[in-house]
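Engineer: Sharing model25.pdb, PDB, C-alpha atoms and all ligand atoms:
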ATOM      1  CA  MET A  30     196.073  45.469 -41.019
ATOM      2  CA  ILE A  31     199.344  45.861 -42.942
ATOM      3  CA  THR A  32     202.814  44.951 -41.634
ATOM      4  CA  VAL A  33     205.925  46.283 -43.344
ATOM      5  CA  ARG A  34     209.441  45.025 -42.715
ATOM      6  CA  VAL A  35     212.215  47.587 -43.158
ATOM      7  CA  PRO A  36     216.016  47.249 -42.970
ATOM      8  CA  ALA A  37     218.613  49.187 -41.016
ATOM      9  CA  LYS A  38     221.605  50.551 -42.905
ATOM     10  CA  VAL A  39     225.333  50.708 -42.476
ATOM     11  CA  ASN A  40     227.402  53.139 -44.526
ATOM     12  CA  VAL A  41     230.289  51.227 -46.076
ATOM     13  CA  GLN A  42     231.608  54.611 -47.221
ATOM     14  CA  LEU A  43     230.562  57.900 -45.676
ATOM     15  CA  GLY A  44     232.409  60.695 -47.461
ATOM     16  CA  VAL A  45     231.493  64.050 -45.902
ATOM     17  CA  GLY A  46     232.002  67.273 -47.879
ATOM     18  CA  GLY A  47     231.879  70.832 -46.563
ATOM     19  CA  LEU A  48     229.020  72.418 -44.631
ATOM     20  CA  ARG A  49     226.472  73.854 -47.112
ATOM     21  CA  ALA A  50     224.527  77.078 -46.715
ATOM     22  CA  ASP A  51     221.374  75.027 -45.903
ATOM     23  CA  GLY A  52     223.033  73.421 -42.864
ATOM     24  CA  PHE A  53     223.586  70.030 -44.518
ATOM     25  CA  HIS A  54     226.836  68.467 -45.746
ATOM     26  CA  GLY A  55     227.344  67.195 -49.284
ATOM     27  CA  LEU A  56     227.874  63.444 -49.102
ATOM     28  CA  ALA A  57     229.207  60.492 -51.036
ATOM     29  CA  ASN A  58     227.355  57.964 -48.993
ATOM     30  CA  VAL A  59     227.360  54.254 -49.861
ATOM     31  CA  PHE A  60     224.343  52.774 -48.068
ATOM     32  CA  PHE A  61     224.123  49.019 -47.415
ATOM     33  CA  ALA A  62     220.818  47.514 -46.137
ATOM     34  CA  VAL A  63     221.096  44.770 -43.504
ATOM     35  CA  ALA A  64     218.602  42.164 -42.298
ATOM     36  CA  LEU A  65     218.510  43.664 -38.797
ATOM     37  CA  GLY A  66     215.245  45.569 -39.160
ATOM     38  CA  ASP A  67     212.035  46.951 -37.675
ATOM     39  CA  GLU A  68     208.428  46.023 -38.433
ATOM     40  CA  VAL A  69     205.735  48.679 -38.645
ATOM     41  CA  THR A  70     202.073  47.617 -38.546
ATOM     42  CA  ALA A  71     199.339  49.990 -39.714
ATOM     43  CA  SER A  72     195.835  49.238 -38.381
ATOM     44  CA  PRO A  73     192.678  51.007 -39.458
ATOM     45  CA  VAL A  74     190.946  53.359 -37.043
ATOM     46  CA  PRO A  75     187.933  55.492 -37.971
ATOM     47  CA  ALA A  76     188.724  58.552 -40.111
ATOM     48  CA  GLY A  77     189.236  61.615 -37.949
ATOM     49  CA  GLU A  78     190.786  59.705 -35.058
ATOM     50  CA  GLY A  79     194.232  60.845 -36.128
ATOM     51  CA  VAL A  80     197.588  59.073 -36.135
ATOM     52  CA  THR A  81     198.451  57.131 -32.988
ATOM     53  CA  LEU A  82     201.652  55.300 -32.176
ATOM     54  CA  THR A  83     202.907  52.466 -29.964
ATOM     55  CA  CYS A  84     206.274  50.735 -29.828
ATOM     56  CA  SER A  85     207.591  47.415 -28.515
ATOM     57  CA  GLY A  86     211.086  45.950 -28.151
ATOM     58  CA  PRO A  87     213.967  46.280 -25.699
ATOM     59  CA  ASP A  88     214.544  49.987 -26.558
ATOM     60  CA  ALA A  89     210.838  50.939 -26.745
ATOM     61  CA  GLY A  90     211.202  53.217 -23.711
ATOM     62  CA  VAL A  91     213.532  55.618 -25.532
ATOM     63  CA  VAL A  92     211.534  55.877 -28.790
ATOM     64  CA  PRO A  93     209.703  59.223 -28.947
ATOM     65  CA  LEU A  94     205.998  58.565 -29.497
ATOM     66  CA  ASP A  95     205.045  62.205 -30.057
ATOM     67  CA  ASP A  96     204.652  64.157 -33.298
ATOM     68  CA  SER A  97     208.416  64.125 -33.858
ATOM     69  CA  ASN A  98     208.358  60.386 -34.622
ATOM     70  CA  LEU A  99     209.140  59.907 -38.310
ATOM     71  CA  ALA A 100     206.511  57.158 -38.685
ATOM     72  CA  ALA A 101     203.734  59.495 -37.535
ATOM     73  CA  ARG A 102     205.109  62.325 -39.684
ATOM     74  CA  ALA A 103     205.242  59.970 -42.687
ATOM     75  CA  ALA A 104     201.579  58.974 -42.264
ATOM     76  CA  ARG A 105     200.513  62.631 -42.084
ATOM     77  CA  LEU A 106     202.705  63.631 -45.043
ATOM     78  CA  LEU A 107     201.275  60.851 -47.227
ATOM     79  CA  ALA A 108     197.718  61.788 -46.231
ATOM     80  CA  ALA A 109     198.353  65.472 -46.974
ATOM     81  CA  HIS A 110     199.874  64.620 -50.360
ATOM     82  CA  HIS A 111     196.660  62.789 -51.303
ATOM     83  CA  GLY A 112     194.395  65.465 -49.856
ATOM     84  CA  ILE A 113     193.157  63.234 -47.027
ATOM     85  CA  ALA A 114     192.171  65.849 -44.464
ATOM     86  CA  ASP A 115     191.293  63.537 -41.579
ATOM     87  CA  PRO A 116     193.578  60.483 -41.692
ATOM     88  CA  GLY A 117     193.060  57.745 -39.147
ATOM     89  CA  VAL A 118     195.669  55.053 -38.526
ATOM     90  CA  HIS A 119     197.305  53.294 -35.637
ATOM     91  CA  LEU A 120     200.991  52.523 -36.180
ATOM     92  CA  HIS A 121     202.821  49.949 -34.094
ATOM     93  CA  ILE A 122     206.613  49.828 -34.330
ATOM     94  CA  ALA A 123     208.285  46.532 -33.388
ATOM     95  CA  LYS A 124     211.746  47.974 -32.764
ATOM     96  CA  ALA A 125     214.931  45.973 -33.291
ATOM     97  CA  ILE A 126     217.173  48.689 -34.808
ATOM     98  CA  PRO A 127     219.253  50.498 -32.151
ATOM     99  CA  VAL A 128     217.735  53.904 -31.322
ATOM    100  CA  ALA A 129     219.899  56.968 -32.196
ATOM    101  CA  GLY A 130     222.542  54.425 -33.178
ATOM    102  CA  GLY A 131     223.723  55.559 -36.609
ATOM    103  CA  MET A 132     221.731  52.829 -38.389
ATOM    104  CA  ALA A 133     218.864  55.055 -39.586
ATOM    105  CA  GLY A 134     216.274  53.328 -37.385
ATOM    106  CA  GLY A 135     213.963  56.346 -37.179
ATOM    107  CA  SER A 136     214.288  56.861 -40.932
ATOM    108  CA  ALA A 137     213.476  53.181 -41.483
ATOM    109  CA  ASP A 138     210.240  53.563 -39.500
ATOM    110  CA  GLY A 139     209.339  56.631 -41.596
ATOM    111  CA  ALA A 140     209.848  54.668 -44.811
ATOM    112  CA  ALA A 141     207.894  51.693 -43.438
ATOM    113  CA  ALA A 142     204.991  53.939 -42.411
ATOM    114  CA  LEU A 143     204.818  55.419 -45.932
ATOM    115  CA  VAL A 144     204.570  51.931 -47.443
ATOM    116  CA  ALA A 145     202.169  50.612 -44.783
ATOM    117  CA  CYS A 146     199.742  53.567 -44.988
ATOM    118  CA  ASP A 147     199.919  53.552 -48.785
ATOM    119  CA  ALA A 148     198.769  49.916 -48.741
ATOM    120  CA  LEU A 149     196.185  50.365 -45.943
ATOM    121  CA  TRP A 150     194.605  53.388 -47.641
ATOM    122  CA  GLN A 151     194.919  51.716 -51.082
ATOM    123  CA  LEU A 152     196.582  54.792 -52.581
ATOM    124  CA  ASP A 153     198.956  53.072 -55.020
ATOM    125  CA  THR A 154     201.427  55.958 -54.819
ATOM    126  CA  PRO A 155     204.187  55.560 -57.449
ATOM    127  CA  MET A 156     207.635  54.705 -56.037
ATOM    128  CA  GLU A 157     209.018  57.947 -57.482
ATOM    129  CA  THR A 158     206.527  59.964 -55.396
ATOM    130  CA  LEU A 159     207.188  57.892 -52.263
ATOM    131  CA  LEU A 160     210.917  58.624 -52.712
ATOM    132  CA  GLU A 161     210.183  62.378 -52.931
ATOM    133  CA  LEU A 162     208.016  62.280 -49.800
ATOM    134  CA  ALA A 163     210.727  60.233 -48.073
ATOM    135  CA  ALA A 164     213.362  62.880 -48.892
ATOM    136  CA  GLU A 165     211.134  65.508 -47.252
ATOM    137  CA  LEU A 166     211.121  63.428 -44.060
ATOM    138  CA  GLY A 167     214.909  63.038 -43.812
ATOM    139  CA  SER A 168     218.141  62.411 -45.687
ATOM    140  CA  ASP A 169     218.226  58.650 -44.943
ATOM    141  CA  VAL A 170     214.530  57.854 -45.491
ATOM    142  CA  PRO A 171     214.646  57.313 -49.309
ATOM    143  CA  PHE A 172     217.307  54.613 -48.964
ATOM    144  CA  ALA A 173     215.151  52.655 -46.500
ATOM    145  CA  LEU A 174     212.513  52.455 -49.269
ATOM    146  CA  LEU A 175     215.047  51.287 -51.832
ATOM    147  CA  GLY A 176     217.254  48.883 -49.841
ATOM    148  CA  GLY A 177     220.072  46.873 -51.407
ATOM    149  CA  VAL A 178     223.224  48.929 -51.866
ATOM    150  CA  ALA A 179     223.127  52.461 -53.227
ATOM    151  CA  LEU A 180     225.253  55.571 -53.590
ATOM    152  CA  GLY A 181     223.609  58.590 -51.948
ATOM    153  CA  ARG A 182     224.649  62.027 -53.222
ATOM    154  CA  GLY A 183     223.449  65.474 -52.199
ATOM    155  CA  ARG A 184     222.580  65.222 -48.511
ATOM    156  CA  GLY A 185     222.199  61.469 -49.073
ATOM    157  CA  GLU A 186     218.758  61.508 -50.702
ATOM    158  CA  ILE A 187     219.786  61.354 -54.390
ATOM    159  CA  LEU A 188     220.185  57.613 -54.856
ATOM    160  CA  GLU A 189     221.850  55.436 -57.454
ATOM    161  CA  PRO A 190     221.501  51.666 -56.921
ATOM    162  CA  LEU A 191     224.873  49.876 -57.048
ATOM    163  CA  PRO A 192     225.658  46.379 -58.314
ATOM    164  CA  VAL A 193     226.530  43.895 -55.578
ATOM    165  CA  GLU A 194     227.342  40.195 -55.653
ATOM    166  CA  GLY A 195     226.386  37.659 -52.988
ATOM    167  CA  THR A 196     225.920  38.194 -49.271
ATOM    168  CA  PHE A 197     228.145  39.940 -46.727
ATOM    169  CA  HIS A 198     228.089  39.048 -43.032
ATOM    170  CA  TRP A 199     228.037  41.811 -40.439
ATOM    171  CA  VAL A 200     228.088  42.275 -36.687
ATOM    172  CA  PHE A 201     226.724  45.379 -34.958
ATOM    173  CA  ALA A 202     227.878  46.311 -31.464
ATOM    174  CA  VAL A 203     225.194  48.372 -29.742
ATOM    175  CA  ALA A 204     226.389  51.055 -27.321
ATOM    176  CA  ASP A 205     224.678  52.324 -24.195
ATOM    177  CA  GLY A 206     222.854  55.506 -25.194
ATOM    178  CA  GLY A 207     222.701  57.174 -28.602
ATOM    179  CA  LEU A 208     224.507  60.006 -30.359
ATOM    180  CA  SER A 209     222.753  62.978 -31.953
ATOM    181  CA  THR A 210     223.404  63.079 -35.721
ATOM    182  CA  PRO A 211     223.543  66.914 -35.877
ATOM    183  CA  ALA A 212     225.978  66.929 -32.921
ATOM    184  CA  VAL A 213     228.290  64.474 -34.703
ATOM    185  CA  PHE A 214     228.244  66.546 -37.921
ATOM    186  CA  ARG A 215     229.008  69.655 -35.822
ATOM    187  CA  GLU A 216     231.917  67.860 -34.141
ATOM    188  CA  CYS A 217     233.217  66.859 -37.598
ATOM    189  CA  ASP A 218     233.181  70.560 -38.594
ATOM    190  CA  ARG A 219     234.858  71.552 -35.326
ATOM    191  CA  LEU A 220     237.655  68.990 -35.790
ATOM    192  CA  ARG A 221     238.207  70.227 -39.358
ATOM    193  CA  GLU A 222     238.443  73.814 -38.124
ATOM    194  CA  GLU A 223     240.808  72.752 -35.338
ATOM    195  CA  ALA A 224     243.024  70.931 -37.855
ATOM    196  CA  GLY A 225     243.197  74.101 -39.944
ATOM    197  CA  THR A 226     241.623  72.589 -43.069
ATOM    198  CA  GLY A 227     238.349  74.503 -42.698
ATOM    199  CA  SER A 228     234.853  73.021 -42.816
ATOM    200  CA  GLY A 229     233.096  74.990 -45.579
ATOM    201  CA  GLU A 230     232.149  73.865 -49.076
ATOM    202  CA  SER A 231     235.166  75.654 -50.554
ATOM    203  CA  ASP A 232     237.540  74.120 -47.974
ATOM    204  CA  VAL A 233     236.641  70.441 -48.243
ATOM    205  CA  PRO A 234     236.999  68.596 -51.567
ATOM    206  CA  GLU A 235     233.731  67.112 -52.824
ATOM    207  CA  PRO A 236     233.702  63.451 -51.789
ATOM    208  CA  ASP A 237     233.244  60.691 -54.337
ATOM    209  CA  ALA A 238     232.624  56.948 -54.173
ATOM    210  CA  GLU A 239     235.883  54.969 -53.949
ATOM    211  CA  PRO A 240     236.471  52.769 -57.038
ATOM    212  CA  ALA A 241     238.064  50.020 -54.878
ATOM    213  CA  LEU A 242     234.959  49.919 -52.678
ATOM    214  CA  LEU A 243     232.592  49.739 -55.657
ATOM    215  CA  ALA A 244     234.663  46.909 -57.166
ATOM    216  CA  ALA A 245     234.663  44.975 -53.857
ATOM    217  CA  LEU A 246     230.854  45.204 -53.679
ATOM    218  CA  ALA A 247     230.399  44.167 -57.325
ATOM    219  CA  ASP A 248     232.818  41.230 -56.853
ATOM    220  CA  GLY A 249     231.290  40.069 -53.544
ATOM    221  CA  ASP A 250     234.808  40.290 -52.064
ATOM    222  CA  ALA A 251     234.542  40.695 -48.273
ATOM    223  CA  VAL A 252     238.311  41.042 -47.728
ATOM    224  CA  ALA A 253     238.533  43.845 -50.293
ATOM    225  CA  LEU A 254     235.388  45.530 -48.912
ATOM    226  CA  ALA A 255     236.821  45.392 -45.381
ATOM    227  CA  ALA A 256     239.975  47.153 -46.601
ATOM    228  CA  ALA A 257     237.906  49.854 -48.311
ATOM    229  CA  LEU A 258     235.491  50.710 -45.435
ATOM    230  CA  THR A 259     235.683  54.430 -44.552
ATOM    231  CA  ASN A 260     233.615  56.842 -42.490
ATOM    232  CA  ASP A 261     234.509  60.545 -42.379
ATOM    233  CA  LEU A 262     232.267  60.914 -39.297
ATOM    234  CA  GLN A 263     234.254  58.328 -37.341
ATOM    235  CA  PRO A 264     236.812  60.769 -35.835
ATOM    236  CA  ALA A 265     233.895  62.939 -34.655
ATOM    237  CA  ALA A 266     231.997  59.996 -33.144
ATOM    238  CA  LEU A 267     235.195  58.827 -31.401
ATOM    239  CA  SER A 268     235.860  62.341 -30.145
ATOM    240  CA  LEU A 269     232.379  62.505 -28.567
ATOM    241  CA  ARG A 270     232.504  58.873 -27.382
ATOM    242  CA  PRO A 271     236.165  57.817 -26.878
ATOM    243  CA  ALA A 272     235.095  54.431 -25.455
ATOM    244  CA  LEU A 273     234.102  53.321 -28.977
ATOM    245  CA  ALA A 274     237.808  52.796 -29.763
ATOM    246  CA  ALA A 275     237.801  49.833 -27.360
ATOM    247  CA  THR A 276     234.700  48.377 -29.060
ATOM    248  CA  LEU A 277     236.342  48.635 -32.494
ATOM    249  CA  ARG A 278     239.500  47.006 -31.125
ATOM    250  CA  ALA A 279     237.569  44.166 -29.445
ATOM    251  CA  GLY A 280     235.815  43.231 -32.694
ATOM    252  CA  THR A 281     239.029  43.390 -34.706
ATOM    253  CA  GLU A 282     240.866  41.243 -32.148
ATOM    254  CA  ALA A 283     237.985  38.741 -32.346
ATOM    255  CA  GLY A 284     238.750  38.230 -36.042
ATOM    256  CA  ALA A 285     236.579  40.762 -37.896
ATOM    257  CA  LEU A 286     237.930  41.557 -41.376
ATOM    258  CA  GLY A 287     237.101  45.236 -40.937
ATOM    259  CA  ALA A 288     235.547  47.609 -38.402
ATOM    260  CA  LEU A 289     234.039  51.088 -38.474
ATOM    261  CA  VAL A 290     231.547  53.301 -36.705
ATOM    262  CA  SER A 291     228.117  52.978 -38.361
ATOM    263  CA  GLY A 292     227.059  56.365 -39.764
ATOM    264  CA  SER A 293     227.095  58.950 -36.976
ATOM    265  CA  GLY A 294     227.412  56.167 -34.364
ATOM    266  CA  PRO A 295     227.624  55.042 -31.664
ATOM    267  CA  THR A 296     226.832  51.567 -33.096
ATOM    268  CA  CYS A 297     230.015  49.920 -34.409
ATOM    269  CA  ALA A 298     229.919  47.696 -37.503
ATOM    270  CA  PHE A 299     232.185  44.723 -38.203
ATOM    271  CA  LEU A 300     232.517  42.819 -41.459
ATOM    272  CA  ALA A 301     233.098  39.081 -41.050
ATOM    273  CA  LYS A 302     234.323  36.381 -43.452
ATOM    274  CA  ASP A 303     231.125  34.315 -43.256
ATOM    275  CA  ALA A 304     228.118  33.567 -41.003
ATOM    276  CA  ASP A 305     230.188  31.495 -38.551
ATOM    277  CA  GLY A 306     232.776  34.251 -38.359
ATOM    278  CA  ALA A 307     230.055  36.795 -37.623
ATOM    279  CA  ALA A 308     228.570  34.630 -34.849
ATOM    280  CA  ALA A 309     232.037  34.304 -33.245
ATOM    281  CA  VAL A 310     232.728  38.059 -33.444
ATOM    282  CA  ALA A 311     229.286  38.822 -31.948
ATOM    283  CA  GLU A 312     229.898  36.420 -29.066
ATOM    284  CA  ALA A 313     233.356  37.876 -28.377
ATOM    285  CA  LEU A 314     231.948  41.420 -28.417
ATOM    286  CA  ARG A 315     229.153  40.489 -25.978
ATOM    287  CA  ALA A 316     231.783  38.990 -23.649
ATOM    288  CA  SER A 317     234.183  41.947 -24.045
ATOM    289  CA  GLY A 318     232.279  44.378 -21.841
ATOM    290  CA  THR A 319     232.829  47.108 -24.476
ATOM    291  CA  CYS A 320     229.213  47.255 -25.668
ATOM    292  CA  ARG A 321     225.660  46.682 -24.424
ATOM    293  CA  THR A 322     224.998  43.839 -26.872
ATOM    294  CA  ALA A 323     225.993  42.638 -30.339
ATOM    295  CA  HIS A 324     223.955  41.257 -33.251
ATOM    296  CA  ALA A 325     225.158  39.113 -36.157
ATOM    297  CA  THR A 326     223.283  39.776 -39.397
ATOM    298  CA  TYR A 327     223.779  39.934 -43.176
ATOM    299  CA  GLY A 328     222.960  41.886 -46.287
ATOM    300  CA  PRO A 329     222.160  43.334 -48.658
ATOM    301  CA  VAL A 330     218.384  42.939 -48.261
ATOM    302  CA  PRO A 331     215.498  44.729 -50.021
ATOM    303  CA  GLY A 332     213.963  47.991 -48.796
ATOM    304  CA  ALA A 333     210.653  48.484 -46.962
ATOM    305  CA  GLY A 334     208.138  45.872 -48.093
ATOM    306  CA  VAL A 335     204.726  44.560 -47.066
ATOM    307  CA  LEU A 336     204.845  41.151 -45.342
ATOM    308  CA  ALA A 337     202.544  38.619 -46.961
TER
HETATM  309  O1  LIG B 401     218.094  64.736 -42.867
HETATM  310  P1  LIG B 401     218.054  64.494 -41.399
HETATM  311  O2  LIG B 401     216.910  65.207 -40.733
HETATM  312  O3  LIG B 401     218.115  63.061 -41.023
HETATM  313  O4  LIG B 401     219.381  65.140 -40.819
HETATM  314  C1  LIG B 401     219.565  65.371 -39.446
HETATM  315  C2  LIG B 401     220.693  66.370 -39.248
HETATM  316  O5  LIG B 401     221.941  65.768 -39.597
HETATM  317  C3  LIG B 401     220.601  67.619 -40.095
HETATM  318  O6  LIG B 401     219.819  68.595 -39.502
HETATM  319  C4  LIG B 401     222.066  68.047 -40.167
HETATM  320  O7  LIG B 401     222.462  68.679 -38.967
HETATM  321  C5  LIG B 401     222.799  66.713 -40.218
HETATM  322  N1  LIG B 401     223.089  66.299 -41.604
HETATM  323  C6  LIG B 401     224.078  66.956 -42.310
HETATM  324  N2  LIG B 401     224.333  66.581 -43.606
HETATM  325  C7  LIG B 401     223.647  65.576 -44.193
HETATM  326  C8  LIG B 401     222.642  64.887 -43.497
HETATM  327  C9  LIG B 401     222.374  65.274 -42.189
HETATM  328  O8  LIG B 401     224.719  67.870 -41.794
HETATM  329  N3  LIG B 401     223.945  65.236 -45.440
END
Rewrite the coordinates I just gave you, this time as structure tokens.
Ligand code: C5P
Structural biologist:
Amino acid sequence: MITVRVPAKVNVQLGVGGLRADGFHGLANVFFAVALGDEVTASPVPAGEGVTLTCSGPDAGVVPLDDSNLAARAARLLAAHHGIADPGVHLHIAKAIPVAGGMAGGSADGAAALVACDALWQLDTPMETLLELAAELGSDVPFALLGGVALGRGRGEILEPLPVEGTFHWVFAVADGGLSTPAVFRECDRLREEAGTGSGESDVPEPDAEPALLAALADGDAVALAAALTNDLQPAALSLRPALAATLRAGTEAGALGALVSGSGPTCAFLAKDADGAAAVAEALRASGTCRTAHATYGPVPGAGVLA
């Protein structure tokens, strides 16, 4: 039996370029891995019994346990890559990452399943190959393998690790219900069309990582990082879920250094000065009535790894 711990992510910068011909958007995406994470346990079952899935945790009821689940797809993809025709594994997901929350929880489980099955089946797949398989599963899956802080180019899957100093303290406000990532990207395109700027690759300048943001990460400077947080999907998430504005305001009024929607939302992320500051912001958010719950956490942390 192998258990893998895997982090959620927040995008400290999410620069969204124009809509590409393949239906994706070119990104300058600065991923940041946080300690709030899931655990995926792979248990042996006899070959030929297939890939089965269970899930526990407060949101277990809304996790799809069918073939669309990225953990199950990851197990099958890894087996196929190694020519294993009749894989057998039971995967259990202990879910702490908000579901459909903009924190790449499904992608995290896909990455964790790759690592867990690789260890269970003693395949010793090189990291480079795992990263390629991860990119086939989804744009955010490779980063969950890597962890730390990284710049994601292309649709987010071409990763460059970034230097970072020290630890940053975060709070995540979890909303009721999720948002669909494709729907938020579509709303971003619609808002760009409405504003008259256009949404195609030739209309939108190619995004790039902000030098001030990279410097703040390398210096371990939370105040500077807070000032540099940006998310091009935030107007779209707020358009689809206007109530998130009150969540962002509540965290800021509670003393957060900075606030933004996490990825495609609806989870909101708040950067705090230190661990005590994060605990206070989380408590104020829970009391504010503007979110379902709030978690204080920290990062960066490593990517998907087997627990000893
Ligand atoms: O790669 P993944 O399957 O996670 O992406 C889900 C959806 O999010 C895509 O089908 C696309 O609609 C949108 N997306 C995008 N541009 C990206 C990443 C995702 O438009 N760079």
Engineer: Quick check, in Å to one decimal: how far apart do atom CA of A:Leu243 and atom CA of A:Thr226 lie?
Structural biologist: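 So the two atoms, atom CA of A:Leu243 and atom CA of A:Thr226, lie 27.6 Å apart.
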Engineer: Check which residues fall inside 8 Å of ligand LIG 401 (chain B) when counting all atoms listed in the file, and print them as a ChimeraX atom specification.
Structural biologist: /A:45,48,52-56,136,164,166-170,183-185,210-212,214-215
Engineer: Which one is closest to A:Val335: A:Met30, A:Leu220, A:Val41, A:Ala238? Count only C-alpha atoms.
Structural biologist: A:Met30
Engineer: Using all atoms listed in the file, determine which residues lie at most 12 Å from A:Leu107, disregarding the query and same-chain residues fewer than 5 positions distant; provide the list as a short mmCIF file (atom, residue, chain, number, x, y, z; two decimals) with C-alpha atoms, in the frame of the given file.
Structural biologist:
data_model
loop_
_atom_site.label_atom_id
_atom_site.label_comp_id
_atom_site.auth_asym_id
_atom_site.auth_seq_id
_atom_site.Cartn_x
_atom_site.Cartn_y
_atom_site.Cartn_z
CA VAL A 80 197.59 59.07 -36.14
CA LEU A 99 209.14 59.91 -38.31
CA ALA A 100 206.51 57.16 -38.68
CA ALA A 101 203.73 59.50 -37.53
CA ARG A 102 205.11 62.32 -39.68
CA GLY A 112 194.40 65.46 -49.86
CA ILE A 113 193.16 63.23 -47.03
CA ALA A 114 192.17 65.85 -44.46
CA ASP A 115 191.29 63.54 -41.58
CA PRO A 116 193.58 60.48 -41.69
CA GLY A 117 193.06 57.74 -39.15
CA VAL A 118 195.67 55.05 -38.53
CA GLY A 139 209.34 56.63 -41.60
CA ALA A 140 209.85 54.67 -44.81
CA ALA A 141 207.89 51.69 -43.44
CA ALA A 142 204.99 53.94 -42.41
CA LEU A 143 204.82 55.42 -45.93
CA VAL A 144 204.57 51.93 -47.44
CA ALA A 145 202.17 50.61 -44.78
CA CYS A 146 199.74 53.57 -44.99
CA ASP A 147 199.92 53.55 -48.78
CA ALA A 148 198.77 49.92 -48.74
CA LEU A 149 196.18 50.36 -45.94
CA TRP A 150 194.60 53.39 -47.64
CA GLN A 151 194.92 51.72 -51.08
CA LEU A 152 196.58 54.79 -52.58
CA ASP A 153 198.96 53.07 -55.02
CA THR A 154 201.43 55.96 -54.82
CA PRO A 155 204.19 55.56 -57.45
CA THR A 158 206.53 59.96 -55.40
CA LEU A 159 207.19 57.89 -52.26
CA LEU A 160 210.92 58.62 -52.71
CA GLU A 161 210.18 62.38 -52.93
CA LEU A 162 208.02 62.28 -49.80
CA ALA A 163 210.73 60.23 -48.07
CA GLU A 165 211.13 65.51 -47.25
CA LEU A 166 211.12 63.43 -44.06
#
Engineer: Taking the file as I've supplied it (selection: the PyMOL selection byres (((chain A and resi 197-199) around 8) and not hetatm)), which residues are included? Please answer as a list in words.
Structural biologist: Gly195, Thr196, Val200, Phe201, Gly249, Ala251, Ala298, Phe299, Leu300, Ala301, Lys302, Asp303, Ala304, Ala307, Ala325, Thr326, Tyr327, Gly328 and Pro329 of chain A
Engineer: List as a VMD selection string the protein and nucleic acid residues near A:Leu120, meaning an atom at most 7 Å away when only C-alpha atoms are counted, but skip any in the same chain fewer than 3 places from it.
Structural biologist: chain A and resid 69 to 72 81 to 83
Engineer: Go through the shown structure with the PyMOL selection byres (((chain A and resi 279-295) around 8) and not hetatm) and write out the matching residues as a VMD selection string.
Structural biologist: chain A and resid 39 to 40 43 129 to 132 203 to 204 207 to 210 213 to 214 251 to 252 255 to 256 258 to 260 262 to 263 266 270 273 275 to 278 296 to 302 306 to 307 309 to 311 313 to 314 317 319
Engineer: Work out how far apart atom CA of A:Asp218 and atom CA of A:Pro127 are and give it in Å to one decimal.
Structural biologist: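 So the two atoms, atom CA of A:Asp218 and atom CA of A:Pro127, lie 25.3 Å apart.
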Engineer: Taking the file as I've supplied it (selection: the PyMOL selection byres (((chain A and resi 173) around 10) and not hetatm)), which residues are included? Please answer as a PyMOL selection string.
Structural biologist: chain A and resi 35-38+60-62+133-134+136-141+160+163+169-172+174-177+331-334
Engineer: List the spatial neighbours of A:Pro87 as a count of residues only - criterion: any atom at most 10 Å away, all atoms listed in the file, same-chain residues fewer than 4 positions off excluded.
Structural biologist: 6
Engineer: In Å to one decimal, how far is atom CA of A:Ala257 from atom CA of A:Gln42?
Structural biologist: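 Straight-line distance from atom CA of A:Gln42 to atom CA of A:Ala257 works out to 8.0 Å.
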Engineer: A:Arg219, A:Ala57, A:Pro264, A:Glu194: which is nearest A:Asp250, counting all atoms listed in the file?
Structural biologist: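 Smallest distance to A:Asp250 is found for A:Glu194.
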Engineer: Counting all atoms listed in the file, which residue out of A:Val59, A:Leu267, A:Leu242, A:Ala202 sits closest to A:Glu312?
Structural biologist: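 Closest to A:Glu312 of all the choices is A:Ala202.
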Engineer: Here is a test: counting all atoms listed in the file, which residue of A:Ala76, A:Val128, A:Ala316, A:Val33 is nearest to A:Gly90?
Structural biologist: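 Ranking A:Ala76, A:Val128, A:Ala316, A:Val33 by distance to A:Gly90, first place goes to A:Val128.
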